[in-house]
Every structure is written in structure tokens, then in C-alpha cells.
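Everything on this sheet refers to the single structure shown next.
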Amino acid sequence: MAIYDIISRYSREHGIPVYLARSLFQKYMIRRENLKELDQTYTEGKELLHYMSYLHRGERILAYYKLGVHAWCRRLYEECIQLCKQGIDQDPSQSERKAAAILTIITSYMELGDYILATVYLDKYDEFNFPQVRKNVQYLRAKLYVKTEKFTKAIPALQECLECQDQNDRLPIANDLLAIFLKTNDKEGMQNTFLAESTFLPAAPNTPSKYEQLGLYYRVKGVFYLQQDSIEWGVNSLIESLVYYGKIGALEEVNKSFTTLLIHHITSRNNFSLELPQKLEKVYNGITVGTHEKIDSVFMRLIYAICSTTDGLTVNGVKTNKTKLLP
């Protein structure tokens, strides 16, 4: 990494755009693997867009695709679409990488609520002949039913998808089913889904999208069990949610899970277990290096509430207690 920093700095100072483009490309490809710094890496990586013409075509296409997926992970769906389209326009192949870029465009349009364009690109995606494409097309058409709230069609379609997909790819489908059950107040459906989690949780998650899906799943599960007064299951599930969102630096989602714990504690008057402060300490200290100010407010309010019934905890080596948390 250090050598690319030196090359890019020298190239910038001496006006050598070819070497600057190559060094920025290599730096970005290395740094994007650090899932906890997705925001910073994306901001820095976008500098590369000014020097794309100096990259070889293969590198240029790859950079557009990688930046597009990166934008999707940060929920910048319009930027994602623009970046992926630029890569697709320059890519004459029918590769799996190009197919994946079109898939990213489809899901972006879905998130933006543009189901017409999502369907247009879904038809383009359906033209690829890779085995996974067939399964994904089936799921995406079911997901369109979910987005347009055609639940009577969505539920059987999603259940069929669960049977067809590999276990490592089933969690988004399960989350879509849970979203339907939540909207229709189908508690039995939610309970049965949670009981079957061993059939759809990924064995070895290693991508931002999988961590995000796990964070969402455990938050929904945590809220459900808290509402059923299964406090231990609910709290432990919310902590799992914090862990997975923390792995990708999704601080807004971390805040939501902290807030859920805080609201439950305040409204239910149930005392948390004595083990909770230690669990929260481990989660907090593991996900907030350099970003404490973004989640401290909610976290400290939660800890203050817990400290009403416990002896406090240590945050980054500092003993926290009720008195210290008073404004």
C-alpha cells in the first residue's frame, strides 16, 4: 500500500496522469477490502473517475463495476446505476461480471421504486446463460411481487425460491418473507421462519451485502422476540444485529439497533441481564474505532439506562457508571 501512496503522490506532483491512474486503481482495489471503512474508501476511490481514460479498458470496466457495487453497499442507488451503466457501455463481453453489474442495477431500481426500469433490466439479465442467473431471475420476479405488495403471489414464489437457492444465498429471500409476515401481522409465519433459520443462514458470510442481510435478520428477530416477552432471545438477537452491521461500518443501522434496545428498556421496565453490559462493551469497542461521535449519543443513553440496575461497564478502557453519564 505504501508504495502506491508514494507513486500517486509523486505522479500528482509531477503531472504524470498514467501512473497516477494506475496507483489510484491499485490503492482502491486494496482498500475496498476493509469493510469497516466503506464510506471513506468510496469517497477516496471516486478520485479515480477523473483518470479513467488512462487505464486499460479491462481495468476501467472493472473500476466502474467495483465502484458501482460499492455505491450500492452505501445505498447510493442512483450513483450505483450510473457507474454500472458506464462499465456496461464499454464492456462488449457477456461475462458473469457484466451480469452481476446488471443485477446490481435491477436491485437499485427496485430500491428507488422504479419497477418499470427494474423489469427492463431484469429482461436484459435474463439473457445471460449462467446457472445462477436462472435462480436469481426467479427470485427477482418474486421480489417485484413483494415491492408491489402482491403478497398472495409473493409468498409461494419466495417459498419456491428458498427451495431452489443454495443455502448461502437464501437469507435475502427469508428476509423478504419476514417483511411480508410483519406487514400482514402473521406471527406464526415469523415464528416458523425463525425456527427454520439453520436452513437459510449463510455458513461463512464474507461480503458487505451478506453482513447487511444478517444485521437486518437479527434485528427483526430481536424485535419480534422482545414483543413476545422472550427478553433473552430478543436482546441476544439485537446484539447479533449490532455485530454484523458493525462489521461493515453501517453506523446508521447500528444506531437503530441501539435505539431499539433503549426504547425497549425504557418502555418495558424489564431489567436486562447482568451479562449485557459486558456484551455491549465488546460490541461497542469493536466497531467504533475513529467513529465514536456517530453513535455515542444513543449508546450512552442506553448505557445510562442499564447502569440504573447494573454496576456499569468499561468503554475503551474507561469505567462507565451512572454518575459519569449524567449530562
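In the C-alpha cells, chains take letters A, B, ... by order of appearance, with residues numbered from 1 within each chain and ligands from 1 in the order shown.
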Neighbouring residues of Cys84 of chain A were defined as those with any atom within 6 Å, considering only C-alpha atoms; residues of the same chain fewer than 2 positions away were excluded. Please report them as a short mmCIF file (atom, residue, chain, number, x, y, z; two decimals) with N, CA, C and O atoms, in the first residue's frame.
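Result file part.cif:
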```
data_model
loop_
_atom_site.label_atom_id
_atom_site.label_comp_id
_atom_site.auth_asym_id
_atom_site.auth_seq_id
_atom_site.Cartn_x
_atom_site.Cartn_y
_atom_site.Cartn_z
N TYR A 64 -15.33 0.68 -12.81
CA TYR A 64 -16.73 1.13 -12.82
C TYR A 64 -17.62 0.13 -12.08
O TYR A 64 -18.49 0.52 -11.29
N TYR A 65 -17.41 -1.17 -12.34
CA TYR A 65 -18.23 -2.19 -11.69
C TYR A 65 -18.01 -2.20 -10.18
O TYR A 65 -18.97 -2.27 -9.39
N GLY A 68 -19.49 0.82 -8.61
CA GLY A 68 -20.94 0.71 -8.64
C GLY A 68 -21.47 -0.15 -7.51
O GLY A 68 -22.43 0.23 -6.82
N ILE A 81 -26.24 3.02 -10.23
CA ILE A 81 -26.77 2.81 -11.59
C ILE A 81 -25.89 3.49 -12.62
O ILE A 81 -25.54 2.90 -13.66
N GLN A 82 -25.52 4.74 -12.35
CA GLN A 82 -24.69 5.50 -13.29
C GLN A 82 -23.35 4.83 -13.52
O GLN A 82 -22.89 4.68 -14.66
N GLN A 86 -21.94 2.86 -16.98
CA GLN A 86 -20.72 3.26 -17.68
C GLN A 86 -19.83 2.07 -17.95
O GLN A 86 -19.20 1.98 -19.02
N GLY A 87 -19.76 1.16 -17.01
CA GLY A 87 -18.98 -0.05 -17.24
C GLY A 87 -19.60 -0.93 -18.30
O GLY A 87 -18.91 -1.43 -19.20
N ALA A 101 -23.22 -6.77 -12.73
CA ALA A 101 -23.45 -5.33 -12.77
C ALA A 101 -24.91 -5.03 -13.11
O ALA A 101 -25.53 -4.12 -12.54
#
```
Counting only C-alpha atoms, give me one row per residue of segment 55-100 of chain A with an atom at most 9 Å from an atom of segment 33-51 of chain A, showing the shortest contact pair and its distance in Å to one decimal, sorted by chain then residue number, as a Markdown table.
```
| residue | atom | partner | partner_atom | distance |
| --- | --- | --- | --- | --- |
| A:Leu55 | CA | A:Tyr51 | CA | 7.4 |
| A:Ala63 | CA | A:Leu48 | CA | 8.4 |
| A:Tyr64 | CA | A:Leu49 | CA | 8.4 |
| A:Leu67 | CA | A:Tyr42 | CA | 7.2 |
| A:His70 | CA | A:Tyr42 | CA | 6.7 |
| A:Ala71 | CA | A:Tyr42 | CA | 7.4 |
| A:Cys73 | CA | A:Leu38 | CA | 8.2 |
| A:Arg74 | CA | A:Asp39 | CA | 7.1 |
```
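Atom CA of Ser257 of chain A lies 7.0 Å from atom CA of Ser241 of chain A.
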* Choose the residue, out of A:Leu76, A:Asp166, A:Ile106, A:Glu127, that has the smallest atom-to-atom separation from Arg141 of chain A; count only C-alpha atoms. => A:Ile106
Test item: residues at most 7 Å from segment 205-213 of chain A, only C-alpha atoms, excluding those fewer than 3 positions along its chain, as a PDB file with N, CA, C and O atoms, in the first residue's frame:
```pdb
ATOM      1  N   LEU A  35     -13.862  -3.696   5.152  1.00  0.00           N
ATOM      2  CA  LEU A  35     -15.310  -3.475   5.173  1.00  0.00           C
ATOM      3  C   LEU A  35     -15.735  -2.407   6.157  1.00  0.00           C
ATOM      4  O   LEU A  35     -16.816  -1.826   6.025  1.00  0.00           O
ATOM      5  N   CYS A  73     -23.675  -0.686  -1.846  1.00  0.00           N
ATOM      6  CA  CYS A  73     -23.496  -1.031  -0.431  1.00  0.00           C
ATOM      7  C   CYS A  73     -23.722   0.178   0.473  1.00  0.00           C
ATOM      8  O   CYS A  73     -24.159   0.034   1.623  1.00  0.00           O
ATOM      9  N   LEU A 171     -30.745 -16.159   2.550  1.00  0.00           N
ATOM     10  CA  LEU A 171     -31.144 -15.201   3.580  1.00  0.00           C
ATOM     11  C   LEU A 171     -31.955 -14.014   3.049  1.00  0.00           C
ATOM     12  O   LEU A 171     -32.952 -13.629   3.669  1.00  0.00           O
ATOM     13  N   PRO A 172     -31.584 -13.385   1.920  1.00  0.00           N
ATOM     14  CA  PRO A 172     -32.428 -12.285   1.420  1.00  0.00           C
ATOM     15  C   PRO A 172     -33.866 -12.719   1.161  1.00  0.00           C
ATOM     16  O   PRO A 172     -34.802 -11.937   1.376  1.00  0.00           O
ATOM     17  N   PRO A 202     -26.302 -18.066   6.089  1.00  0.00           N
ATOM     18  CA  PRO A 202     -25.053 -18.416   5.392  1.00  0.00           C
ATOM     19  C   PRO A 202     -24.014 -18.959   6.354  1.00  0.00           C
ATOM     20  O   PRO A 202     -23.873 -18.463   7.478  1.00  0.00           O
ATOM     21  N   LEU A 216     -29.983  -7.141   9.369  1.00  0.00           N
ATOM     22  CA  LEU A 216     -31.426  -6.937   9.252  1.00  0.00           C
ATOM     23  C   LEU A 216     -32.195  -8.109   9.858  1.00  0.00           C
ATOM     24  O   LEU A 216     -33.155  -7.915  10.617  1.00  0.00           O
ATOM     25  N   TYR A 217     -31.769  -9.324   9.525  1.00  0.00           N
ATOM     26  CA  TYR A 217     -32.460 -10.514  10.033  1.00  0.00           C
ATOM     27  C   TYR A 217     -32.484 -10.538  11.553  1.00  0.00           C
ATOM     28  O   TYR A 217     -33.552 -10.734  12.166  1.00  0.00           O
ATOM     29  N   TYR A 244     -23.055  -7.566  13.207  1.00  0.00           N
ATOM     30  CA  TYR A 244     -22.964  -7.670  11.749  1.00  0.00           C
ATOM     31  C   TYR A 244     -22.986  -6.300  11.075  1.00  0.00           C
ATOM     32  O   TYR A 244     -22.237  -6.059  10.119  1.00  0.00           O
ATOM     33  N   TYR A 245     -23.821  -5.389  11.569  1.00  0.00           N
ATOM     34  CA  TYR A 245     -23.791  -4.037  10.999  1.00  0.00           C
ATOM     35  C   TYR A 245     -22.453  -3.367  11.290  1.00  0.00           C
ATOM     36  O   TYR A 245     -21.947  -2.591  10.476  1.00  0.00           O
ATOM     37  N   ILE A 248     -19.435  -3.790   8.820  1.00  0.00           N
ATOM     38  CA  ILE A 248     -19.356  -3.001   7.577  1.00  0.00           C
ATOM     39  C   ILE A 248     -19.472  -1.507   7.869  1.00  0.00           C
ATOM     40  O   ILE A 248     -19.680  -0.710   6.953  1.00  0.00           O
TER      41      ILE A 248
END
```
* Just the helix (DSSP H, G or I) stuff from segment 2-242 of chain A, please, per backbone DSSP, written as number ranges by chain. => A: 2-14, 17-31, 35-54, 57-73, 77-89, 96-112, 115-125, 131-147, 151-164, 167-169, 171-183, 187-195, 197-199, 208-227, 231-242
* Structure fact -> Correct to one decimal, the distance atom CA of Lys282 of chain A-atom CA of His264 of chain A is 20.7 Å
* Write out as a ChimeraX atom specification each polymer residue whose atoms come within 7 Å of segment 173-179 of chain A, counting only C-alpha atoms; drop sequence neighbours fewer than 2 positions from it. => /A:155,158,162,170-171,181-183,190,217
* To do: Please provide the set of residues having any atom within 10 Å of Lys147 of chain A, restricted to only C-alpha atoms, with same-chain residues fewer than 5 positions apart removed, written as number ranges by chain.
  => A: 110-111, 113, 115, 141-142, 154, 176, 180
* Which polymer residues have any atom within 10 Å of an atom of Leu242 of chain A, counting only C-alpha atoms, with same-chain residues fewer than 5 positions away left out, as a PyMOL selection string? -> chain A and resi 214-216+218-219+236-237+247+250-251+253-258+280+283-284+287
* To do: Please identify all polymer residues within 10 Å of Glu59 of chain A, counting only C-alpha atoms, omitting same-chain residues fewer than 6 positions from it, and present them as a list in words.
  => Arg22, Phe25, Gln26, Met52 and Tyr65 of chain A
